[in-house]
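Q: Provided below: upload_30.csv, containing CSV, C-alpha atoms and all ligand atoms.
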chain,number,residue,atom,x,y,z
A,1,MET,CA,-18.5,-2.9,6.7
A,2,SER,CA,-20.4,-4.0,3.6
A,3,LEU,CA,-18.4,-5.9,0.9
A,4,ASP,CA,-19.6,-6.5,-2.6
A,5,GLN,CA,-20.0,-10.2,-2.9
A,6,THR,CA,-19.7,-10.5,-6.7
A,7,SER,CA,-16.9,-8.6,-8.2
A,8,TYR,CA,-14.4,-7.8,-5.3
A,9,ARG,CA,-10.8,-7.6,-6.5
A,10,GLY,CA,-8.2,-6.9,-3.8
A,11,ARG,CA,-4.4,-6.9,-3.8
A,12,PHE,CA,-1.3,-6.9,-1.8
A,13,ALA,CA,1.5,-4.7,-3.2
A,14,PRO,CA,4.8,-5.1,-1.4
A,15,SER,CA,7.9,-3.2,-2.3
A,16,PRO,CA,10.9,-5.6,-2.5
A,17,THR,CA,12.9,-3.7,0.1
A,18,GLY,CA,13.4,-6.7,2.4
A,19,PRO,CA,11.8,-9.8,3.8
A,20,LEU,CA,8.2,-9.7,5.0
A,21,HIS,CA,7.9,-8.8,8.7
A,22,LEU,CA,4.8,-9.0,11.0
A,23,GLY,CA,3.6,-5.6,9.8
A,24,SER,CA,3.7,-6.7,6.2
A,25,LEU,CA,2.1,-10.0,7.0
A,26,LEU,CA,-0.7,-8.2,8.7
A,27,THR,CA,-1.3,-6.2,5.5
A,28,ALA,CA,-1.0,-9.3,3.3
A,29,TRP,CA,-3.3,-11.5,5.4
A,30,GLY,CA,-5.8,-8.7,6.2
A,31,SER,CA,-6.2,-7.9,2.5
A,32,TRP,CA,-6.5,-11.7,1.7
A,33,LEU,CA,-9.1,-12.2,4.5
A,34,LEU,CA,-11.2,-9.2,3.3
A,35,ALA,CA,-11.1,-10.5,-0.3
A,36,ARG,CA,-12.0,-14.0,0.7
A,37,LYS,CA,-14.8,-12.8,3.0
A,38,ALA,CA,-16.3,-11.0,0.0
A,39,GLY,CA,-15.9,-14.1,-2.2
A,40,GLY,CA,-13.4,-12.1,-4.3
A,41,ARG,CA,-10.0,-12.4,-5.9
A,42,TRP,CA,-6.7,-11.5,-4.3
A,43,LEU,CA,-3.7,-10.4,-6.4
A,44,VAL,CA,-0.1,-9.8,-5.6
A,45,ARG,CA,1.8,-7.0,-7.3
A,46,ILE,CA,5.5,-6.4,-6.8
A,47,GLU,CA,6.2,-2.6,-6.6
A,48,ASP,CA,9.8,-2.6,-7.8
A,49,LEU,CA,10.1,0.9,-9.0
A,50,ASP,CA,13.0,2.2,-7.0
A,51,PRO,CA,16.1,0.0,-7.6
A,52,PRO,CA,18.3,1.8,-5.0
A,53,ARG,CA,15.9,0.9,-2.2
A,54,GLU,CA,15.4,-2.7,-3.4
A,55,VAL,CA,17.2,-5.7,-2.0
A,56,PRO,CA,18.3,-8.2,-4.6
A,57,GLY,CA,16.2,-11.4,-4.3
A,58,ALA,CA,13.7,-9.8,-1.9
A,59,ALA,CA,10.7,-10.1,-4.3
A,60,GLY,CA,11.3,-13.9,-4.7
A,61,LEU,CA,11.7,-14.3,-1.0
A,62,GLN,CA,8.5,-12.3,-0.3
A,63,LEU,CA,6.6,-14.5,-2.7
A,64,ARG,CA,8.0,-17.8,-1.2
A,65,THR,CA,7.2,-16.5,2.3
A,66,LEU,CA,3.6,-15.7,1.2
A,67,ALA,CA,3.3,-19.2,-0.2
A,68,ALA,CA,4.5,-20.7,3.1
A,69,PHE,CA,1.7,-18.8,4.8
A,70,GLY,CA,-0.8,-20.2,2.3
A,71,LEU,CA,-1.2,-16.8,0.5
A,72,ALA,CA,-0.9,-17.2,-3.3
A,73,SER,CA,-2.0,-14.7,-5.9
A,74,ASP,CA,-5.1,-15.7,-7.8
A,75,GLU,CA,-3.6,-14.3,-11.0
A,76,PRO,CA,-0.1,-14.0,-12.3
A,77,VAL,CA,2.1,-11.7,-10.2
A,78,VAL,CA,2.6,-8.3,-11.8
A,79,ARG,CA,5.9,-6.4,-11.5
A,80,GLN,CA,5.8,-2.7,-11.8
A,81,SER,CA,9.3,-2.6,-13.3
A,82,GLU,CA,7.8,-4.2,-16.5
A,83,ARG,CA,4.9,-1.7,-16.9
A,84,GLY,CA,6.7,1.6,-17.9
A,85,PRO,CA,4.6,2.0,-21.1
A,86,LEU,CA,1.4,2.1,-19.1
A,87,TYR,CA,2.7,4.8,-16.8
A,88,GLN,CA,4.1,6.8,-19.7
A,89,ALA,CA,0.7,6.7,-21.4
A,90,ALA,CA,-1.0,8.0,-18.3
A,91,LEU,CA,1.7,10.7,-17.8
A,92,ASP,CA,1.3,11.8,-21.5
A,93,ARG,CA,-2.4,12.1,-21.0
A,94,LEU,CA,-2.0,14.3,-17.9
A,95,LEU,CA,0.6,16.5,-19.6
A,96,ASP,CA,-1.7,16.9,-22.7
A,97,ARG,CA,-4.5,18.0,-20.4
A,98,GLY,CA,-2.4,20.4,-18.5
A,99,ASP,CA,-2.9,18.5,-15.3
A,100,ALA,CA,0.9,17.8,-15.1
A,101,PHE,CA,3.9,19.9,-15.9
A,102,HIS,CA,7.7,19.6,-16.1
A,103,CYS,CA,9.4,21.0,-13.0
A,104,HIS,CA,13.0,22.1,-12.7
A,105,CYS,CA,12.8,22.8,-8.9
A,106,SER,CA,15.2,20.9,-6.7
A,107,ARG,CA,14.5,19.6,-3.2
A,108,ARG,CA,16.9,22.4,-2.0
A,109,THR,CA,14.9,25.2,-3.7
A,110,LEU,CA,11.7,23.9,-2.2
A,111,ALA,CA,13.1,23.6,1.3
A,112,ALA,CA,12.1,27.1,2.2
A,113,ASN,CA,8.5,26.1,1.7
A,114,GLY,CA,8.8,22.9,3.8
A,115,GLY,CA,9.3,20.9,0.6
A,116,VAL,CA,5.8,21.7,-0.6
A,117,HIS,CA,5.5,22.8,-4.3
A,118,HIS,CA,3.0,25.5,-5.1
A,119,GLN,CA,4.8,27.1,-8.0
A,120,CYS,CA,8.1,26.7,-9.8
A,121,VAL,CA,10.9,28.6,-8.1
A,122,ALA,CA,13.9,27.1,-10.0
A,123,ALA,CA,16.2,29.8,-11.4
A,124,HIS,CA,17.7,27.4,-14.0
A,125,ALA,CA,16.4,24.7,-16.3
A,126,ILE,CA,17.8,21.2,-15.7
A,127,ASP,CA,18.3,18.5,-18.4
A,128,HIS,CA,16.0,16.0,-16.9
A,129,PRO,CA,13.1,17.8,-15.1
A,130,SER,CA,10.7,15.9,-12.9
A,131,VAL,CA,7.0,15.8,-13.8
A,132,ARG,CA,4.5,17.0,-11.2
A,133,PHE,CA,0.7,16.8,-10.9
A,134,ARG,CA,-0.9,20.2,-10.6
A,135,VAL,CA,-2.8,20.7,-7.3
A,136,PRO,CA,-4.7,24.0,-7.3
A,137,PRO,CA,-4.8,25.9,-4.0
A,138,ARG,CA,-7.7,25.0,-1.8
A,139,THR,CA,-8.0,21.5,-3.2
A,140,ARG,CA,-9.6,19.6,-0.3
A,141,LEU,CA,-10.5,15.9,-0.5
A,142,GLU,CA,-12.7,13.7,1.6
A,143,PHE,CA,-13.3,10.0,1.4
A,144,ASP,CA,-14.8,7.3,3.6
A,145,ASP,CA,-12.4,4.6,4.7
A,146,LEU,CA,-14.0,1.3,5.6
A,147,ILE,CA,-11.8,1.0,8.7
A,148,GLN,CA,-10.6,4.5,9.5
A,149,GLY,CA,-13.9,6.3,8.8
A,150,PRO,CA,-14.1,9.7,7.2
A,151,VAL,CA,-10.7,11.1,6.1
A,152,HIS,CA,-10.1,14.7,5.1
A,153,GLN,CA,-7.0,16.3,3.6
A,154,ASP,CA,-6.2,19.7,2.3
A,155,VAL,CA,-4.1,18.5,-0.6
A,156,GLY,CA,-3.5,22.0,-1.8
A,157,SER,CA,-1.8,23.3,1.3
A,158,GLU,CA,-0.5,20.1,2.9
A,159,VAL,CA,0.8,18.3,-0.2
A,160,GLY,CA,1.0,20.8,-3.1
A,161,ASP,CA,2.0,19.7,-6.6
A,162,PHE,CA,3.3,16.2,-6.3
A,163,VAL,CA,5.8,14.2,-8.3
A,164,LEU,CA,4.7,11.7,-10.9
A,165,ARG,CA,8.1,11.0,-12.4
A,166,ARG,CA,11.3,11.8,-10.6
A,167,ALA,CA,14.0,13.9,-12.1
A,168,ASP,CA,16.4,11.0,-11.8
A,169,GLY,CA,14.0,8.8,-13.8
A,170,PRO,CA,11.8,6.5,-11.7
A,171,TRP,CA,8.1,6.6,-11.8
A,172,ALA,CA,6.5,7.8,-8.6
A,173,TYR,CA,4.5,5.4,-6.5
A,174,GLN,CA,1.4,7.7,-6.7
A,175,LEU,CA,1.1,7.4,-10.4
A,176,ALA,CA,2.1,3.7,-10.7
A,177,VAL,CA,-0.3,2.6,-8.0
A,178,VAL,CA,-3.3,4.4,-9.6
A,179,VAL,CA,-2.5,3.1,-13.1
A,180,ASP,CA,-2.0,-0.5,-11.9
A,181,ASP,CA,-5.0,-0.6,-9.6
A,182,ALA,CA,-7.2,0.5,-12.5
A,183,ALA,CA,-5.5,-1.8,-15.1
A,184,GLN,CA,-6.0,-4.7,-12.7
A,185,GLY,CA,-9.6,-3.9,-12.0
A,186,ILE,CA,-9.0,-3.5,-8.2
A,187,THR,CA,-12.2,-2.6,-6.5
A,188,ASP,CA,-10.8,-2.6,-2.9
A,189,VAL,CA,-7.5,-1.1,-1.9
A,190,VAL,CA,-6.5,-2.6,1.5
A,191,ARG,CA,-3.2,-1.6,2.9
A,192,GLY,CA,-1.4,-0.2,6.0
A,193,ALA,CA,-2.6,3.1,7.6
A,194,ASP,CA,0.8,4.6,6.9
A,195,LEU,CA,-0.5,5.1,3.3
A,196,LEU,CA,-3.7,6.9,4.3
A,197,VAL,CA,-2.0,10.2,3.7
A,198,SER,CA,-1.4,9.2,0.0
A,199,THR,CA,-5.0,8.2,-0.8
A,200,PRO,CA,-6.3,11.8,-1.5
A,201,ARG,CA,-3.5,12.2,-4.1
A,202,GLN,CA,-4.5,9.0,-5.7
A,203,ILE,CA,-8.1,9.9,-5.8
A,204,LEU,CA,-7.1,13.2,-7.6
A,205,LEU,CA,-5.2,11.2,-10.1
A,206,GLN,CA,-8.0,8.8,-10.7
A,207,ARG,CA,-10.4,11.7,-11.4
A,208,ALA,CA,-7.9,13.4,-13.7
A,209,LEU,CA,-7.4,10.2,-15.6
A,210,GLY,CA,-11.2,9.4,-15.7
A,211,LEU,CA,-10.7,6.2,-13.6
A,212,SER,CA,-13.1,5.0,-11.0
A,213,THR,CA,-12.0,5.2,-7.4
A,214,PRO,CA,-11.8,1.9,-5.5
A,215,ARG,CA,-13.1,1.5,-1.9
A,216,HIS,CA,-10.3,1.9,0.7
A,217,ALA,CA,-9.6,0.1,3.9
A,218,HIS,CA,-6.5,1.1,5.8
A,219,LEU,CA,-5.4,-1.6,8.3
A,220,PRO,CA,-4.0,-0.6,11.7
A,221,LEU,CA,-0.2,-0.2,12.1
A,222,LEU,CA,1.6,-2.5,14.5
A,223,LEU,CA,3.5,-0.8,17.2
A,224,ASP,CA,6.3,-2.3,19.2
A,225,ALA,CA,6.1,-2.8,23.0
A,226,ASP,CA,7.3,0.8,23.5
A,227,GLY,CA,4.5,2.2,21.4
A,228,ARG,CA,6.7,3.0,18.4
A,229,LYS,CA,6.0,2.1,14.8
A,230,LEU,CA,7.9,-1.2,14.1
A,231,SER,CA,11.4,-0.3,13.2
A,232,LYS,CA,14.4,-2.0,14.5
A,233,SER,CA,12.7,-4.2,17.1
A,234,LEU,CA,12.3,-8.0,17.0
A,235,ALA,CA,8.8,-7.4,15.5
A,236,CYS,CA,10.2,-6.1,12.3
A,237,ALA,CA,12.6,-9.0,11.9
A,238,PRO,CA,11.5,-11.4,9.1
A,239,VAL,CA,8.6,-13.7,9.8
A,240,ASP,CA,9.7,-17.3,9.9
A,241,ALA,CA,8.4,-19.1,6.8
A,242,SER,CA,9.4,-22.5,8.2
A,243,ASP,CA,7.0,-22.0,11.2
A,244,PRO,CA,4.1,-19.8,10.1
A,245,LEU,CA,1.5,-20.6,12.8
A,246,PRO,CA,2.8,-18.4,15.6
A,247,ALA,CA,3.0,-15.3,13.3
A,248,LEU,CA,-0.5,-16.0,12.0
A,249,ARG,CA,-1.8,-16.2,15.6
A,250,VAL,CA,-0.2,-12.9,16.4
A,251,VAL,CA,-1.6,-11.2,13.3
A,252,TRP,CA,-5.1,-12.7,13.9
A,253,ALA,CA,-5.1,-11.1,17.4
A,254,ALA,CA,-3.7,-7.8,16.0
A,255,LEU,CA,-6.6,-7.7,13.5
A,256,GLY,CA,-9.0,-7.8,16.5
A,257,GLN,CA,-10.2,-11.3,15.9
A,258,ASP,CA,-11.3,-13.8,18.5
A,259,PRO,CA,-8.2,-15.8,19.6
A,260,SER,CA,-10.2,-18.7,20.8
A,261,ALA,CA,-11.3,-19.3,17.2
A,262,HIS,CA,-8.0,-20.9,16.2
A,263,ALA,CA,-7.8,-23.3,19.1
A,264,GLY,CA,-7.8,-26.5,17.1
A,265,ALA,CA,-6.0,-25.2,14.0
A,266,ALA,CA,-2.7,-27.0,13.9
A,267,SER,CA,-1.7,-26.4,10.3
A,268,VAL,CA,-1.6,-23.4,7.9
A,269,ALA,CA,-4.5,-24.9,5.9
A,270,ALA,CA,-6.6,-25.4,9.0
A,271,MET,CA,-5.7,-21.9,10.2
A,272,LEU,CA,-6.7,-20.3,6.9
A,273,SER,CA,-10.0,-22.2,6.6
A,274,MET,CA,-10.9,-21.3,10.3
A,275,ALA,CA,-10.0,-17.7,9.5
A,276,GLN,CA,-12.2,-17.6,6.4
A,277,ARG,CA,-15.1,-18.9,8.4
A,278,GLU,CA,-14.6,-16.8,11.6
A,279,PHE,CA,-13.1,-13.5,10.2
A,280,ASP,CA,-15.2,-10.5,11.3
A,281,PRO,CA,-14.2,-7.4,9.4
A,282,SER,CA,-16.1,-5.2,11.9
A,283,ARG,CA,-13.6,-6.2,14.6
A,284,ILE,CA,-10.6,-4.7,12.8
A,285,PRO,CA,-9.3,-1.8,14.9
A,286,GLY,CA,-8.6,1.5,13.3
A,287,GLN,CA,-6.1,2.6,15.9
A,288,PRO,CA,-2.5,1.4,15.9
A,289,VAL,CA,-2.1,-1.9,17.7
A,290,ALA,CA,0.6,-2.7,20.2
A,291,MET,CA,2.1,-5.9,19.1
A,292,PRO,CA,0.4,-8.8,20.9
A,293,SER,CA,3.1,-10.6,22.9
A,294,LEU,CA,5.1,-13.2,21.1
A,295,PRO,CA,4.4,-16.7,22.1
A,296,ASP,CA,8.0,-17.6,21.7
A,297,THR,CA,11.0,-16.5,19.8
A,298,SER,CA,10.3,-18.8,16.9
A,299,VAL,CA,7.8,-16.2,15.5
A,300,THR,CA,10.6,-14.3,13.9
A,301,ARG,CA,14.2,-14.9,13.1
A,302,ARG,CA,16.8,-12.3,12.4
A,303,PRO,CA,18.6,-12.6,9.0
L,1,LIG,N1,4.3,-0.8,-2.2
L,1,LIG,C1,3.8,-0.1,-1.0
L,1,LIG,C2,4.5,-0.6,0.2
L,1,LIG,O1,5.1,-1.7,0.2
L,1,LIG,C3,2.3,-0.4,-0.8
L,1,LIG,C4,1.5,0.2,-1.9
L,1,LIG,C5,0.0,0.1,-1.7
L,1,LIG,O2,-0.5,-0.9,-1.1
L,1,LIG,O3,-0.7,0.9,-2.3
L,1,LIG,O4,4.4,0.1,1.2
Re-express the file's structure as C-alpha cells.
A:
Amino acid sequence: MSLDQTSYRGRFAPSPTGPLHLGSLLTAWGSWLLARKAGGRWLVRIEDLDPPREVPGAAGLQLRTLAAFGLASDEPVVRQSERGPLYQAALDRLLDRGDAFHCHCSRRTLAANGGVHHQCVAAHAIDHPSVRFRVPPRTRLEFDDLIQGPVHQDVGSEVGDFVLRRADGPWAYQLAVVVDDAAQGITDVVRGADLLVSTPRQILLQRALGLSTPRHAHLPLLLDADGRKLSKSLACAPVDASDPLPALRVVWAALGQDPSAHAGAASVAAMLSMAQREFDPSRIPGQPVAMPSLPDTSVTRRP
C-alpha cells in the first residue's frame, strides 16, 4: 500500500449513537495509524444528522474516550448538524443539473421492488417529498480499495436512485459525507468494511459534483467469538477509557500487527509511539477478524 507522504488527510467520523466499542476503536486507531504512517493529518468529524438515532451526550463521551486513547483531532472537530447550508448548496446543484429529483414514493410503494427505486411509482404527491440521486440503469462502478482490493458494484440494479434528503427532513449520510470529505480536503477515507457498499454511491456523487475521489481503505470488521458481527456481545460494550491499554492491544492484533512489538509499552503514549514506529499497513487483513481473546474483563465495561 503506497501512501502519499506529503498531503495525506484522513478522518474518523463516528455517529453519536452510543459509546465507542472495540469495533469503533479499531476504525479510529486504524485511520489514525494510516494517517500518521503517511506523515499526514487526522481529523474527527461528528456525524450527528439523525437525531432519533442519537444518544444525548454520546458525541462528548466519544471525544473524551478518544482523548483517553491518545487520539485527538489535529483540527477543530466538525459537527454535521451545523453544516446544513453546505449540503443544501450541493443538493441545489444536483437538482439544477437534473442529477437529483423530488420523489413522492414511500417505502411501502417501493417494497414491491425490494425497496430499490428505478422510477417514481407514487400515485399521490406528498407535502415534503424526499430528494433522490438519479442512477441510470446499467450504472456500474469499480474502484480499488487499498485493503479490500478491486470492488465492483452494479449501482443501477443493486441500489437504484438513492436518497439525498429524506422526506422527514434529515440529510442522507451519502450526501453529507461526500460534501464534508471534499470540504475538509480528505485524501484518504479509512473506515469499516460495512461501508464498502456505500462507496460506489459516494463516487457517483463526487463525479456529479465535480469533486475529486479520495483513496479508500476499508478496515476489517470485528466478529465475536461465534463469528457474528459485533452486536450484543461483550465486544460491543464500551471500551474502558480508564484503562486503555488492553483494548489497544486487542485492536493492534486485530489490525494484523505483530503483538510482540508492544512488549515494553506500559502507557498510552508509549503504545502510540511504538505503534507509529512498528505499524505495517500491508499486514491489515481484508477479511473480517474474529475478536482476539480478551486478556481480562477490564477491556470493556458495560454501561
Ligand atoms: N458515521 C459513520 C458511522 O459511524 C461513518 C461514516 C464514514 O466513515 O464514512 O458508521
Q: Which residues are near A:Ser7? Cut-off 9 Å, all atoms listed in the file, ignore same chain within fewer than 6 positions. Put them as a PyMOL selection string.
A: chain A and resi 38-41+187
Q: Can you tell me which residues surround stretch 24-34 of chain A at a distance of at most 7 Å, considering all atoms listed in the file, apart from same-chain residues fewer than 6 positions away, and format the answer as a PyMOL selection string?
A: chain A and resi 10-12+42+190-192+219+251+276
Q: One decimal, in Å: what's the spacing between atom CA of A:Gln206 and atom CA of A:Pro14?
A: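 Between atom CA of A:Gln206 and atom CA of A:Pro14 the gap works out to 21.1 Å.
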Q: One decimal, Å: what's the distance from atom CA of A:Val177 over to atom O3 of ligand LIG 1 (chain L), could you say?
A: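 Between these atoms lies a distance of 6.0 Å.
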Q: I'd like to know which of A:Leu223, A:Ala59, A:Val268, A:Leu211 is closest to ligand LIG 1 (chain L), using only C-alpha atoms and all ligand atoms.
A: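 Once distances to ligand LIG 1 (chain L) are computed over only C-alpha atoms and all ligand atoms, the minimum belongs to A:Ala59.
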Q: Would you mind listing what lies within 12 Å of A:His262 as a CSV table (one decimal) with C-alpha atoms, in the frame of the given file, with all atoms listed in the file counted and same-chain residues fewer than 4 positions away left out?
A:
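Final output, out-v6.csv:
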chain,number,residue,atom,x,y,z
A,245,LEU,CA,1.5,-20.6,12.8
A,246,PRO,CA,2.8,-18.4,15.6
A,248,LEU,CA,-0.5,-16.0,12.0
A,249,ARG,CA,-1.8,-16.2,15.6
A,250,VAL,CA,-0.2,-12.9,16.4
A,251,VAL,CA,-1.6,-11.2,13.3
A,252,TRP,CA,-5.1,-12.7,13.9
A,253,ALA,CA,-5.1,-11.1,17.4
A,257,GLN,CA,-10.2,-11.3,15.9
A,258,ASP,CA,-11.3,-13.8,18.5
A,266,ALA,CA,-2.7,-27.0,13.9
A,267,SER,CA,-1.7,-26.4,10.3
A,268,VAL,CA,-1.6,-23.4,7.9
A,269,ALA,CA,-4.5,-24.9,5.9
A,270,ALA,CA,-6.6,-25.4,9.0
A,271,MET,CA,-5.7,-21.9,10.2
A,272,LEU,CA,-6.7,-20.3,6.9
A,273,SER,CA,-10.0,-22.2,6.6
A,274,MET,CA,-10.9,-21.3,10.3
A,275,ALA,CA,-10.0,-17.7,9.5
A,276,GLN,CA,-12.2,-17.6,6.4
A,277,ARG,CA,-15.1,-18.9,8.4
A,278,GLU,CA,-14.6,-16.8,11.6
A,279,PHE,CA,-13.1,-13.5,10.2
Q: A:Leu175, A:Leu205, A:Val121, A:Val289: which is nearest ligand LIG 1 (chain L), counting only C-alpha atoms and all ligand atoms?
A: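 Closest to ligand LIG 1 (chain L) of all the choices is A:Leu175.
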Q: Between A:Asp99, A:Asp144, A:Glu54, A:Asp226, which one has atoms that come closest to ligand LIG 1 (chain L), using all atoms listed in the file?
A: A:Glu54
Q: Could you please give me, as a list in words, the residues of protein, DNA or RNA lying at most 9 Å from (0.6, 9.6, -15.7) in the coordinate frame of the file, considering all atoms listed in the file?
A: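 These residues have at least one counted atom within 9 Å: Leu86, Tyr87, Gln88, Ala89, Ala90, Leu91, Asp92, Arg93, Leu94, Leu95, Ala100, Phe133, Leu164, Arg165, Trp171, Leu175, Ala176, Val178, Val179, Leu205 and Leu209 of chain A.
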Q: Between A:Arg79, A:Pro220, A:Ala13, A:Pro19, which residue has the minimum interatomic distance to A:Ala58, considering all atoms listed in the file?
A: A:Pro19
Q: Ranking A:Ala237, A:Ile203, A:Ile126, A:Leu196 by minimum distance to A:Ala167 and counting only C-alpha atoms, which one comes first?
A: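 The shortest atom-to-atom distance to A:Ala167 comes from A:Ile126.
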Q: Restricting the calculation to only C-alpha atoms and all ligand atoms: of A:His216, A:Arg97, A:His102, A:Lys229, which residue gets closest to ligand LIG 1 (chain L)?
A: A:His216
Q: What is the distance, in Å and to one decimal place, between atom CA of A:Arg107 and atom CA of A:Arg53?
A: 18.8 Å
Q: For A:Asp161, find every residue with an atom within 10 Å (counting all atoms listed in the file), except residues of its own chain fewer than 3 positions away, and show them as a PyMOL selection string.
A: chain A and resi 100-101+103+116-120+131-137+155-158+164+201
Q: Give me the residues near A:Gln80 as an mmCIF file with C-alpha atoms, keeping the file's coordinate frame, where near means some atom within 9 Å (using all atoms listed in the file) and where sequence neighbours in that chain fewer than 3 positions away do not count.
A:
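Okay, around30.cif is ready:
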data_model
loop_
_atom_site.group_PDB
_atom_site.id
_atom_site.type_symbol
_atom_site.label_atom_id
_atom_site.label_comp_id
_atom_site.auth_asym_id
_atom_site.auth_seq_id
_atom_site.Cartn_x
_atom_site.Cartn_y
_atom_site.Cartn_z
ATOM 1 C CA ARG A 45 1.800 -7.000 -7.300
ATOM 2 C CA ILE A 46 5.500 -6.400 -6.800
ATOM 3 C CA GLU A 47 6.200 -2.600 -6.600
ATOM 4 C CA ASP A 48 9.800 -2.600 -7.800
ATOM 5 C CA LEU A 49 10.100 0.900 -9.000
ATOM 6 C CA ARG A 83 4.900 -1.700 -16.900
ATOM 7 C CA GLY A 84 6.700 1.600 -17.900
ATOM 8 C CA ALA A 176 2.100 3.700 -10.700
ATOM 9 C CA VAL A 177 -0.300 2.600 -8.000
ATOM 10 C CA ASP A 180 -2.000 -0.500 -11.900
#
